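Reading through the structure tokens given below for one structure.
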Amino acid sequence: MKSILILPMMALMICGQAYTQTEQKAQSEKTKEMEQITLQGYTTFQVSDNVTMYKVTFKNQYKMNVAGHLFIPKNLDRSKKHSAIVVGHPMGAVKEQSANVYAANMAERGFVTLSLDLSFWGESEGEPRNAVAPDIYSEDFSAAVDFLGTRPFVDRNRIGIIGICGSGSFVECHLTEV
């Protein structure tokens with residue numbers, strides 16, 4: 001009788017371990033290394049030499065890759081936690097336009113900033129292209145906050161959002177002040 005009970009328990013333990021490993025792999029993919037990029041080809045404006053730019057991607061809850069540019073002040077003490085800002089682009093635009101301008105400017109002022117392409121736009125996934133999907137856009141901002149919160153130098157409780165033009169309507173109000 002005991003051996004009959006042991007087999008299902010072992011099966012549950014093995015399934016639980018497989019699930020945990022899958023979750024750890026997903027988390028590892030979500031927080032994979034950032035790719036440092038040069039400013040040429042990614043901006044249409046001048047960025048201060050005091051800012052480093054990274055290409056990043058992360059998944060939203062719909063399992064779509066959201067693309068972004070992370071701007072970090074070069075003199076940032078990465079052993080401490082800092083305020084951060086997500087910057088969304090206007091409708092009909094992409095991050096390389098105005099969102100990068102705001103993100104780079106705020107990074108020059110000492111903030112960690114993340115400009116993003118909303119789903120269906122720019123380098124982010126989503127079909128049909130250039131679709132307007134407010135509920136998914138709101139999730140993109142939430143996923144961006146989650147992504148920033150995984151950076152060891154970002155204070156999860158001090159992440160704000162700048163929504164430029166149309167993006168301002170998709171920003172969720174549950175965030176704390178920067």
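Please note that chains go A, B, ... in the order of the structure tokens, that every chain numbers its residues from 1, and that ligands are numbered from 1 in the order shown.
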Proximity check stretch 114-158 of chain A to stretch 59-78 of chain A, 10 Å, nearest pairs one decimal Å, only C-alpha atoms, as CSV:
residue,atom,partner,partner_atom,distance
A:Leu114,CA,A:Leu70,CA,4.4
A:Ser115,CA,A:His69,CA,5.3
A:Leu116,CA,A:Gly68,CA,4.1
A:Asp117,CA,A:Ala67,CA,5.7
A:Leu118,CA,A:Val66,CA,6.8
A:Ser119,CA,A:Val66,CA,6.2
A:Phe120,CA,A:Val66,CA,9.1
A:Trp121,CA,A:Val66,CA,9.3
A:Gly122,CA,A:Ala67,CA,8.0
A:Glu123,CA,A:Ala67,CA,5.6
A:Ser124,CA,A:Val66,CA,4.5
A:Glu125,CA,A:Asn65,CA,5.4
A:Gly126,CA,A:Met64,CA,6.9
A:Ile136,CA,A:Tyr62,CA,8.0
A:Tyr137,CA,A:Asn60,CA,9.5
A:Ser138,CA,A:Asn60,CA,9.9
A:Glu139,CA,A:Asn60,CA,6.4
A:Asp140,CA,A:Asn60,CA,5.8
A:Phe141,CA,A:Asn60,CA,8.8
A:Ser142,CA,A:Asn60,CA,8.0
A:Ala143,CA,A:Asn60,CA,5.2
A:Ala144,CA,A:Asn60,CA,8.1
A:Asp146,CA,A:Asn60,CA,9.4
A:Phe147,CA,A:Lys59,CA,8.8
A:Leu148,CA,A:Leu70,CA,9.1
A:Arg151,CA,A:Arg78,CA,9.5
A:Pro152,CA,A:Arg78,CA,7.5
A:Phe153,CA,A:Arg78,CA,5.0
A:Val154,CA,A:Arg78,CA,8.6
Open item on the list: With DSSP run on the backbone, what are the strand (DSSP E or B) residues within stretch 45-160 of chain A? I'd like them as a ChimeraX atom specification.
Closed with: /A:51-59,65-73,82-88,112-116,154-160
Task: Selected residue, from A:Asn130, A:Gln46, A:Thr113, A:Thr150, that lies nearest to A:Ile162 when counting only C-alpha atoms - done: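 Checking each of A:Asn130, A:Gln46, A:Thr113, A:Thr150 against A:Ile162, counting only C-alpha atoms, the winner is A:Thr113.
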TODO: Quick one: everything within 10 Å of A:Ile159, counting only C-alpha atoms, minus sequence neighbours fewer than 2 positions away in the same chain. Send it as a list in words.
DONE: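 Skipping anything fewer than 2 positions along the chain leaves His82, Ser83, Ala84, Ile85, Val86, Phe111, Val112, Thr113, Ala144, Val145, Asp146, Leu148, Gly149, Val154, Asp155, Arg156, Asn157, Ile161, Leu175, Thr176, Glu177 and Val178 of chain A.
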Written selection (C-alpha atoms) as an mmCIF file, in the first residue's frame:
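Listing of result_37.cif after writing:
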data_model
loop_
_atom_site.group_PDB
_atom_site.id
_atom_site.type_symbol
_atom_site.label_atom_id
_atom_site.label_comp_id
_atom_site.auth_asym_id
_atom_site.auth_seq_id
_atom_site.Cartn_x
_atom_site.Cartn_y
_atom_site.Cartn_z
ATOM 1 C CA HIS A 82 17.956 54.492 -8.364
ATOM 2 C CA SER A 83 14.757 56.000 -9.716
ATOM 3 C CA ALA A 84 13.725 54.973 -13.209
ATOM 4 C CA ILE A 85 11.326 56.169 -15.892
ATOM 5 C CA VAL A 86 9.549 54.351 -18.733
ATOM 6 C CA PHE A 111 17.479 58.694 -14.132
ATOM 7 C CA VAL A 112 17.614 55.170 -15.522
ATOM 8 C CA THR A 113 15.203 55.376 -18.463
ATOM 9 C CA ALA A 144 8.291 47.610 -18.817
ATOM 10 C CA VAL A 145 7.966 48.481 -15.124
ATOM 11 C CA ASP A 146 8.435 44.799 -14.253
ATOM 12 C CA LEU A 148 13.069 47.715 -14.897
ATOM 13 C CA GLY A 149 12.301 46.259 -11.470
ATOM 14 C CA VAL A 154 16.668 50.208 -9.990
ATOM 15 C CA ASP A 155 14.422 50.866 -6.993
ATOM 16 C CA ARG A 156 11.185 49.011 -7.830
ATOM 17 C CA ASN A 157 9.225 51.478 -5.692
ATOM 18 C CA ILE A 161 6.196 56.768 -16.655
ATOM 19 C CA LEU A 175 2.809 53.653 -9.878
ATOM 20 C CA THR A 176 4.501 55.589 -7.143
ATOM 21 C CA GLU A 177 6.201 58.922 -7.677
ATOM 22 C CA VAL A 178 9.789 59.202 -8.875
#
